[in-house]
Each structure stands twice: as C-alpha cells, then as structure tokens.
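Here is the structure we will look at.
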Amino acid sequence: MEKYDTVIVGGGFCGALCAKILERKSSLSIALIDKKPYFEFIPAIPKVVINKNYSKKIKAPFIEILRKTKFILDEVTKITKDTIYTRSRTIKFKYLIICTGTEYPIKLKNKKNVHTLKFSNEGEAINKDLEKFNDVLIVGGGIVGSEIAGELATQTNKKVTMLHSRDRLINRNPEKASQYVLDFLTKKGVTVYFNEKVTEHTENTLKTNKGHVYEGHIVIWCTGITFKVPFLDKKYFSLSIEEDGHVKVNQYLQVNNYENIFAGGDIINTKEEKTAQNADRHAKTIAYNILHLESKKRLKKYKPRTGPLVISLGPWKGLFVAGNFVITGLIPGLMKHLIEMAVMFRMKNL
Ligand SMILES: Cc1cc2nc3c(=O)[nH]c(=O)nc-3n(C[C@H](O)[C@H](O)[C@H](O)COP(=O)(O)OP(=O)(O)OC[C@H]3O[C@@H](n4cnc5c(N)ncnc54)[C@H](O)[C@@H]3O)c2cc1C
C-alpha cells in the first residue's frame, strides 16, 4: 500500500497550485491524483471551440510541471478518513486536499448533438461538429454561454442563437455589463431570446416554453454547474456534505470534523463566485495551513470574496467587472490573454 504525507485529489486550479507551493516550501512527500494527465487553463476553453489546436497552448502535462510530486493518473472512487481508493490503488495519507471541481451537466435525456463545455476535449468535440452544422444554439446566457457566443460570432459565419432563462445576459453582473454583452453579440448577428427555456428535445428537434422549435442545430448547453462528491464515504463524511453536494469547510478550509483534511476550489461551500481566482486563493490558504499544522503554528483564516472578473467576447474585446465598476472593450480583451499567459507561465515555472 502506498503512503504519502499529502495527497491532492484533483489537479485543477486549486490542486495543481497546492502541489506547486507544497513541493517548493516543504519536504513533505506529495501525490496528486487526476483523471487527466494535464492541468488546463479552463477560462480559455471557449477558444478551443473555434480552434482545436488552441488546446495545446493551454495544457501543461503534470509530469512536466510537478517537480517532486508523484503524479497518479487515475480516478478516485472512495475516500475514508485515512485512505483513498482509486480504480487501481489504495493510498494512505497524513493530509488530504480535495479539489475535484464541479460538473457542467446537460439536463436533457436526449443528448444527441448536444454538448457541454468544461474541458478542452469537449471544446474539440464541438469544433469537430461545427463542420457539420451551420446553426448553433447556445442554451444559457451566463458567462460561459456569452463567451462561446462571442468566439463564434467574431470568428465564424455560423448562425448563432442564444436562449436564456433570465431577462438579461450574465445576470449576476451589473446591468451595464449585461447591456454591453447584448449589444456586442447582437451587432455581430447573434439572436438572443430571454425568459426562454428548453422543454423538449427529440431527435434533432428542440422545443421551448415560448413555442419556438429549433431543428438541425448543434446545441451547446451552458446552464450551470452541479456539485458531486460520490467518492466521499458517507460513513465518515455524512456531516461534511451539504444537501446540494457542496463540501462543508470551516474558516481554515478544513473539511467539517477533520483537522487533516482540506477542500478547496469550486466544490466548497464558501459564499463567493466559483472562479479560478478563488480556487487559487483557496490553494494558498490550504498550503499555508498544512505547513503551519506541520510546524504547530497558528492557522490562517480564509475570507470569502468575489474579486474582479474578466470576460472575453472573441479574441480582442471583453469586460472587466469589479462590483459595480465595469470597463469594456480592448483593454479587458487583452487582460484575458495576459492572465492566461501568467497562469501558464506560473504553472510551468514556479
Ligand atoms: C468554459 C469556462 C470558462 C471559465 N472562465 C472563467 C474565467 O474567465 N475566470 C475565472 O476565474 N473562472 C472561470 N471559470 C471557472 C473556473 O474554471 C473554475 O472556477 C476553476 O476551474 C475551479 O477550479 P477547481 O480547482 O475547483 O476545479 P477544476 O479546475 O474543475 O479541476 C478539478 C480537477 O479534478 C479532477 N477530478 C474530478 N473528479 C476526480 C476524481 N474522482 N478522481 C480524480 N480526479 C478528479 C478533474 O479531472 C479536474 O482536473 C470558467 C469555467 C468554464 C467551464
């Protein structure tokens, strides 16, 4: 049976950064387990929809970026209070970090020609299907749906339609931001329908509550996320999982009832937006607290916050939103590229 001082489950924004910090600042033995062999910069996945080769730019193989951490390519199927079970291994840990992210489910029974978008393989699948379809239907007008529409509208001749169940796009942001996105997309030929939901999908036909019928479209489903941790053994973790699937953490990001088990990233129940930047902040707090547990020093409290967001609309335009403050145009578009370059540089060189 293998044993490590620290095991990290999930190598996304939170898990990969935890590994990078801990291997630099400690002599702990570390293992990182992920179903995929690489870290990927998810915020740039909408670009893969247009250009399948873009995925190469935003992937960094774990065996290249992790210096001392043992990388294990496997799926975790069960976690108890001191043991992790993957499809092929049993691993003991002293500290555990759970950061398996969220899922972007397609809430339709018939999923023919319907895609979701979280990882680059899904972006590549959409890119391939775009060769067969002229009409694209994006269901969901949040940030992900709007960014995909921006890419398609600025770089293809596809006829893009968006259905949004609310009365404005990116509705958790200020009205000025919503209006900019709507004006930008409609000027580029995107048709947006508000307060509209899909009610039925049979073969190639999709119907909505407003009586619209869409036929022969490729559908990109972006209606939100779900939280699932089926691998957490209920015998040990029934008090640590919220009804909706979030993992309950305390102010130090320790999983409810366990001093040596931490969780971070999208999966935890902190009251803030699910963003890569917040996953990054969780990683810094978790790594710090593990180092401080080791040296028996005081732990650091995590303060939830919703920081600024950068939303892209095609390769060069975008929005910067911080509270009610909104900047639109070229500068936020460039910022998105700089953030991508900075994160990939840090992953490869930290
Ligand atoms: C299209 C898109 C665009 C986005 N744009 C932005 C943006 O512009 N700015 C921003 O801040 N945020 C953005 N986000 C959100 C951001 O990507 C997430 O908040 C961030 O990825 C969360 O990081 P995480 O570490 O919690 O999980 P993830 O990055 O989702 O990583 C989780 C990892 O866990 C692995 N895993 C899951 N289950 C298991 C298992 N059982 N066994 C082994 N491994 C497992 C997965 O393979 C994955 O690598 C975007 C998200 C999407 C989908």
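All residue names refer to the structure tokens as shown: chains lettered A, B, ... in order, residues numbered from 1 in each chain, ligands numbered from 1 in order.
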ask   = Excluding same-chain residues fewer than 2 positions from Thr270 (chain A), what lies within 7 Å of it counting only C-alpha atoms, as a PyMOL selection string?
value = chain A and resi 268+272+304
Take the residues from that selection and write them out as a PDB file, in the first residue's frame, keeping N, CA and C atoms.
ATOM      1  N   ILE A 268     -16.320  23.682  -2.691  1.00  0.00           N
ATOM      2  CA  ILE A 268     -16.586  24.009  -1.283  1.00  0.00           C
ATOM      3  C   ILE A 268     -17.732  25.008  -1.107  1.00  0.00           C
ATOM      4  N   GLU A 272     -19.177  32.700  -2.273  1.00  0.00           N
ATOM      5  CA  GLU A 272     -18.469  33.537  -3.252  1.00  0.00           C
ATOM      6  C   GLU A 272     -18.645  32.907  -4.628  1.00  0.00           C
ATOM      7  N   PRO A 304     -13.877  34.652   2.373  1.00  0.00           N
ATOM      8  CA  PRO A 304     -14.516  34.565   1.042  1.00  0.00           C
ATOM      9  C   PRO A 304     -14.677  35.958   0.435  1.00  0.00           C
TER      10      PRO A 304
END
task = Return as a PyMOL selection string the residues of protein, DNA or RNA that approach ligand 1 to within 7 Å, with only C-alpha atoms and all ligand atoms taken into account.
result = chain A and resi 9-15+33-36+39+42-46+74-77+99-102+117-119+144+231+264-267+274-277+279+309-311
Next, write the just-selected residues to a file, as a PDB file, in the first residue's frame, keeping C-alpha atoms as the atom set.
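Listing of result_20.pdb after writing:
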ATOM      1  CA  VAL A   9      -7.280  14.781  -5.344  1.00  0.00           C
ATOM      2  CA  GLY A  10      -7.921  16.894  -8.464  1.00  0.00           C
ATOM      3  CA  GLY A  11      -5.264  18.867 -10.337  1.00  0.00           C
ATOM      4  CA  GLY A  12      -7.268  21.890 -11.462  1.00  0.00           C
ATOM      5  CA  PHE A  13      -6.613  25.451 -10.334  1.00  0.00           C
ATOM      6  CA  CYS A  14      -6.693  24.614  -6.631  1.00  0.00           C
ATOM      7  CA  GLY A  15      -4.987  21.203  -6.638  1.00  0.00           C
ATOM      8  CA  ILE A  33      -4.273  12.230  -8.452  1.00  0.00           C
ATOM      9  CA  ASP A  34      -6.239  13.320 -11.514  1.00  0.00           C
ATOM     10  CA  LYS A  35      -8.305  11.611 -14.213  1.00  0.00           C
ATOM     11  CA  LYS A  36      -6.485  13.733 -16.807  1.00  0.00           C
ATOM     12  CA  PHE A  39      -3.507  20.892 -15.973  1.00  0.00           C
ATOM     13  CA  ILE A  42     -10.219  26.314 -18.342  1.00  0.00           C
ATOM     14  CA  PRO A  43     -11.113  30.022 -18.826  1.00  0.00           C
ATOM     15  CA  ALA A  44      -9.663  29.795 -22.365  1.00  0.00           C
ATOM     16  CA  ILE A  45     -11.636  26.663 -23.342  1.00  0.00           C
ATOM     17  CA  PRO A  46     -14.189  28.733 -25.359  1.00  0.00           C
ATOM     18  CA  ASP A  74      -6.415   7.600 -12.061  1.00  0.00           C
ATOM     19  CA  GLU A  75      -9.949   8.225 -10.852  1.00  0.00           C
ATOM     20  CA  VAL A  76     -10.640   8.392  -7.134  1.00  0.00           C
ATOM     21  CA  THR A  77     -13.630   6.205  -6.294  1.00  0.00           C
ATOM     22  CA  CYS A  99     -10.462  19.802  -5.044  1.00  0.00           C
ATOM     23  CA  THR A 100     -12.358  17.910  -7.698  1.00  0.00           C
ATOM     24  CA  GLY A 101     -14.261  20.920  -9.083  1.00  0.00           C
ATOM     25  CA  THR A 102     -17.789  20.865 -10.427  1.00  0.00           C
ATOM     26  CA  LEU A 117     -18.094  22.741 -22.249  1.00  0.00           C
ATOM     27  CA  LYS A 118     -15.753  22.393 -19.329  1.00  0.00           C
ATOM     28  CA  PHE A 119     -12.578  20.711 -20.558  1.00  0.00           C
ATOM     29  CA  VAL A 144     -19.666  30.661 -20.367  1.00  0.00           C
ATOM     30  CA  PHE A 231     -16.355   9.209  -3.602  1.00  0.00           C
ATOM     31  CA  GLY A 264     -10.838  23.974  -1.983  1.00  0.00           C
ATOM     32  CA  GLY A 265     -11.947  25.239  -5.383  1.00  0.00           C
ATOM     33  CA  ASP A 266     -15.450  25.134  -6.813  1.00  0.00           C
ATOM     34  CA  ILE A 267     -16.567  22.206  -4.653  1.00  0.00           C
ATOM     35  CA  LYS A 274     -16.972  29.846  -8.363  1.00  0.00           C
ATOM     36  CA  THR A 275     -13.906  31.210 -10.116  1.00  0.00           C
ATOM     37  CA  ALA A 276     -10.373  30.177 -10.925  1.00  0.00           C
ATOM     38  CA  GLN A 277      -9.084  33.131  -8.913  1.00  0.00           C
ATOM     39  CA  ALA A 279      -9.663  28.404  -6.323  1.00  0.00           C
ATOM     40  CA  LEU A 309     -13.964  39.175 -13.345  1.00  0.00           C
ATOM     41  CA  VAL A 310     -12.564  39.388 -16.850  1.00  0.00           C
ATOM     42  CA  ILE A 311     -14.976  38.169 -19.531  1.00  0.00           C
TER      43      ILE A 311
END
query = Neighbours of region 83-88 of chain A within 12 Å (only C-alpha atoms; same-chain residues fewer than 2 positions away dropped), as a PyMOL selection string?
reply = chain A and resi 1-9+31-35+72-81+90-98+231-233+236+261
ask   = Which one is closest to Ile241 (chain A): A:Met341, A:Ile327, A:Ala263, A:Ile290? Count only C-alpha atoms.
value =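 Smallest separation from Ile241 (chain A) among the options: A:Ala263.
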message = Residues within 10 Å of Thr156 (chain A), please, as an MDAnalysis selection string. Count only C-alpha atoms; anything in the same chain fewer than 5 positions from it doesn't count.
response = chainID A and resid 50 130 134 151
key: Distance query Lys107 (chain A) at most 10 Å, only C-alpha atoms, self and fewer than 3 positions along chain excluded, as a PyMOL selection string   = chain A and resi 104+110-111+198+221-224
Can I get the selection written as a JSON list (two decimals), in the first residue's frame, with C-alpha atoms?
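Contents of the output file selection36.json:
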[["chain", "number", "residue", "atom", "x", "y", "z"],
["A", 104, "TYR", "CA", -21.42, 21.08, -16.14],
["A", 110, "ASN", "CA", -31.69, 13.01, -25.40],
["A", 111, "LYS", "CA", -28.14, 14.33, -25.73],
["A", 198, "VAL", "CA", -35.97, 24.22, -23.33],
["A", 221, "TRP", "CA", -25.55, 23.54, -23.07],
["A", 222, "CYS", "CA", -24.29, 26.08, -20.52],
["A", 223, "THR", "CA", -26.97, 26.33, -17.85],
["A", 224, "GLY", "CA", -24.84, 25.93, -14.76]]
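The spacing separating CA of Ile218 (chain A) from CA of His201 (chain A) amounts to 12.2 Å.
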message = Which residues are close to Glu243 (chain A), i.e. within 12 Å by only C-alpha atoms, leaving aside same-chain residues fewer than 6 positions away? Reply as a list in words.
response = Thr226, Phe227, Lys228, Val229 and Asn269 of chain A
key: 9 Å contact set for Asn204 (chain A), only C-alpha atoms, chain neighbours under 5 positions out, as a ChimeraX atom specification   = /A:112-113,214-218
request  = Select from region 49-288 of chain A everything DSSP, run on the backbone, classes as strand (DSSP E or B), then give the selection as an NGL selection string.
outcome  = :A and (59-61 or 70-73 or 76-79 or 83-86 or 90-98 or 103 or 114-116 or 135-139 or 159-163 or 191-193 or 198-202 or 205-208 or 213-215 or 218-221 or 226 or 232 or 241 or 247 or 249 or 254-255 or 261-263 or 268)
task = List every residue of region 34-209 of chain A that DSSP, applied to the backbone of this structure, assigns to alpha helix (DSSP H), and report them as a PyMOL selection string.
result = chain A and resi 45-50+54-57+62-65+120-130+143-155+175-187
Let me see the file: selected residues, N, CA and C atoms, as a compact mmCIF listing (two decimals), in the first residue's frame.
# COMPACT_ATOMS: atom_id res chain seq x y z
N ILE A 45 -11.04 27.77 -22.58
CA ILE A 45 -11.64 26.66 -23.34
C ILE A 45 -12.59 27.16 -24.46
N PRO A 46 -13.34 28.28 -24.25
CA PRO A 46 -14.19 28.73 -25.36
C PRO A 46 -13.40 28.96 -26.65
N LYS A 47 -12.11 29.28 -26.54
CA LYS A 47 -11.29 29.48 -27.76
C LYS A 47 -11.07 28.17 -28.51
N VAL A 48 -11.11 27.04 -27.78
CA VAL A 48 -10.88 25.73 -28.40
C VAL A 48 -12.06 25.37 -29.33
N VAL A 49 -13.23 25.94 -29.01
CA VAL A 49 -14.42 25.70 -29.85
C VAL A 49 -14.14 26.17 -31.29
N ILE A 50 -13.38 27.24 -31.41
CA ILE A 50 -13.08 27.82 -32.73
C ILE A 50 -11.83 27.21 -33.33
N TYR A 54 -5.84 25.21 -30.23
CA TYR A 54 -5.59 26.10 -29.08
C TYR A 54 -5.42 25.31 -27.80
N SER A 55 -6.01 24.10 -27.76
CA SER A 55 -5.93 23.32 -26.52
C SER A 55 -4.47 23.01 -26.16
N LYS A 56 -3.60 22.91 -27.18
CA LYS A 56 -2.18 22.63 -26.89
C LYS A 56 -1.56 23.76 -26.08
N LYS A 57 -2.01 25.00 -26.36
CA LYS A 57 -1.43 26.16 -25.66
C LYS A 57 -1.82 26.21 -24.19
N PHE A 62 1.14 17.18 -16.19
CA PHE A 62 1.58 17.16 -14.78
C PHE A 62 3.01 16.64 -14.65
N ILE A 63 3.38 15.64 -15.47
CA ILE A 63 4.73 15.09 -15.28
C ILE A 63 5.80 16.13 -15.65
N GLU A 64 5.42 17.16 -16.40
CA GLU A 64 6.41 18.21 -16.71
C GLU A 64 6.38 19.33 -15.68
N ILE A 65 5.20 19.64 -15.14
CA ILE A 65 5.14 20.83 -14.25
C ILE A 65 5.37 20.49 -12.78
N SER A 120 -11.03 20.83 -22.43
CA SER A 120 -10.70 21.07 -23.83
C SER A 120 -11.16 19.94 -24.75
N ASN A 121 -11.27 18.70 -24.23
CA ASN A 121 -11.75 17.62 -25.12
C ASN A 121 -13.19 17.90 -25.57
N GLU A 122 -13.96 18.58 -24.69
CA GLU A 122 -15.33 18.94 -25.10
C GLU A 122 -15.29 20.08 -26.13
N GLY A 123 -14.37 21.01 -25.95
CA GLY A 123 -14.20 22.08 -26.94
C GLY A 123 -13.82 21.52 -28.29
N GLU A 124 -12.94 20.50 -28.28
CA GLU A 124 -12.51 19.87 -29.53
C GLU A 124 -13.68 19.13 -30.20
N ALA A 125 -14.54 18.50 -29.37
CA ALA A 125 -15.70 17.77 -29.93
C ALA A 125 -16.67 18.75 -30.59
N ILE A 126 -16.87 19.92 -29.96
CA ILE A 126 -17.77 20.92 -30.56
C ILE A 126 -17.15 21.41 -31.88
N ASN A 127 -15.84 21.67 -31.83
CA ASN A 127 -15.14 22.15 -33.02
C ASN A 127 -15.34 21.18 -34.19
N LYS A 128 -15.27 19.89 -33.90
CA LYS A 128 -15.43 18.88 -34.95
C LYS A 128 -16.87 18.91 -35.50
N ASP A 129 -17.83 19.01 -34.59
CA ASP A 129 -19.24 19.01 -35.01
C ASP A 129 -19.61 20.28 -35.78
N LEU A 130 -18.89 21.37 -35.52
CA LEU A 130 -19.21 22.62 -36.22
C LEU A 130 -19.03 22.48 -37.72
N ILE A 143 -21.83 33.57 -18.13
CA ILE A 143 -20.52 33.96 -18.66
C ILE A 143 -20.04 32.96 -19.72
N VAL A 144 -20.18 31.66 -19.43
CA VAL A 144 -19.67 30.66 -20.37
C VAL A 144 -20.42 30.74 -21.70
N GLY A 145 -21.75 30.77 -21.65
CA GLY A 145 -22.56 30.86 -22.88
C GLY A 145 -22.22 32.11 -23.67
N SER A 146 -22.05 33.24 -22.97
CA SER A 146 -21.77 34.51 -23.66
C SER A 146 -20.37 34.49 -24.28
N GLU A 147 -19.41 33.89 -23.57
CA GLU A 147 -18.05 33.83 -24.13
C GLU A 147 -18.01 32.95 -25.39
N ILE A 148 -18.73 31.84 -25.35
CA ILE A 148 -18.76 30.96 -26.55
C ILE A 148 -19.41 31.72 -27.71
N ALA A 149 -20.54 32.41 -27.41
CA ALA A 149 -21.22 33.17 -28.46
C ALA A 149 -20.27 34.21 -29.04
N GLY A 150 -19.47 34.85 -28.17
CA GLY A 150 -18.50 35.86 -28.62
C GLY A 150 -17.49 35.27 -29.59
N GLU A 151 -16.98 34.10 -29.25
CA GLU A 151 -15.99 33.44 -30.13
C GLU A 151 -16.62 33.10 -31.48
N LEU A 152 -17.82 32.49 -31.44
CA LEU A 152 -18.46 32.05 -32.69
C LEU A 152 -18.83 33.26 -33.55
N ALA A 153 -19.36 34.31 -32.91
CA ALA A 153 -19.86 35.46 -33.67
C ALA A 153 -18.72 36.25 -34.31
N THR A 154 -17.56 36.27 -33.65
CA THR A 154 -16.47 37.09 -34.21
C THR A 154 -15.59 36.31 -35.18
N GLN A 155 -15.66 34.97 -35.13
CA GLN A 155 -14.68 34.22 -35.92
C GLN A 155 -15.26 33.17 -36.85
N GLU A 175 -26.01 45.76 -14.61
CA GLU A 175 -26.82 45.88 -15.85
C GLU A 175 -26.00 46.42 -17.01
N LYS A 176 -25.06 47.34 -16.68
CA LYS A 176 -24.22 47.93 -17.74
C LYS A 176 -23.42 46.83 -18.45
N ALA A 177 -22.95 45.86 -17.67
CA ALA A 177 -22.17 44.76 -18.25
C ALA A 177 -23.07 43.91 -19.14
N SER A 178 -24.27 43.61 -18.64
CA SER A 178 -25.22 42.80 -19.44
C SER A 178 -25.53 43.48 -20.76
N GLN A 179 -25.76 44.81 -20.67
CA GLN A 179 -26.13 45.56 -21.88
C GLN A 179 -24.99 45.54 -22.90
N TYR A 180 -23.75 45.68 -22.42
CA TYR A 180 -22.60 45.67 -23.34
C TYR A 180 -22.52 44.33 -24.07
N VAL A 181 -22.70 43.24 -23.31
CA VAL A 181 -22.60 41.90 -23.92
C VAL A 181 -23.72 41.74 -24.96
N LEU A 182 -24.93 42.16 -24.59
CA LEU A 182 -26.06 42.02 -25.52
C LEU A 182 -25.80 42.85 -26.79
N ASP A 183 -25.39 44.11 -26.63
CA ASP A 183 -25.15 44.97 -27.80
C ASP A 183 -24.05 44.37 -28.68
N PHE A 184 -22.98 43.91 -28.03
CA PHE A 184 -21.84 43.36 -28.79
C PHE A 184 -22.31 42.15 -29.60
N LEU A 185 -23.01 41.24 -28.94
CA LEU A 185 -23.39 39.99 -29.64
C LEU A 185 -24.43 40.25 -30.73
N THR A 186 -25.41 41.10 -30.43
CA THR A 186 -26.45 41.32 -31.45
C THR A 186 -25.87 42.05 -32.68
N LYS A 187 -24.94 42.98 -32.43
CA LYS A 187 -24.28 43.66 -33.57
C LYS A 187 -23.53 42.65 -34.44
ask   = With only C-alpha atoms as the basis for distance, which of A:Met162, A:Phe194, A:Lys235, A:Ile286 is at the shortest distance from Val255 (chain A)?
value = A:Ile286
ask   = Of the residues A:Phe41, A:Tyr288, A:Phe133, A:Tyr193, which is the one nearest to Lys159 (chain A), using only C-alpha atoms?
value = A:Phe133
ask   = Could you work out how far CA of Glu40 (chain A) lies from CA of Val114 (chain A), giving the answer in Å with one decimal?
value = 22.8 Å
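Ranking A:Cys18, A:Asp167, A:His246, A:Ile225 by their shortest atom-to-atom distance to Thr116 (chain A), with only C-alpha atoms included, puts A:Ile225 first.
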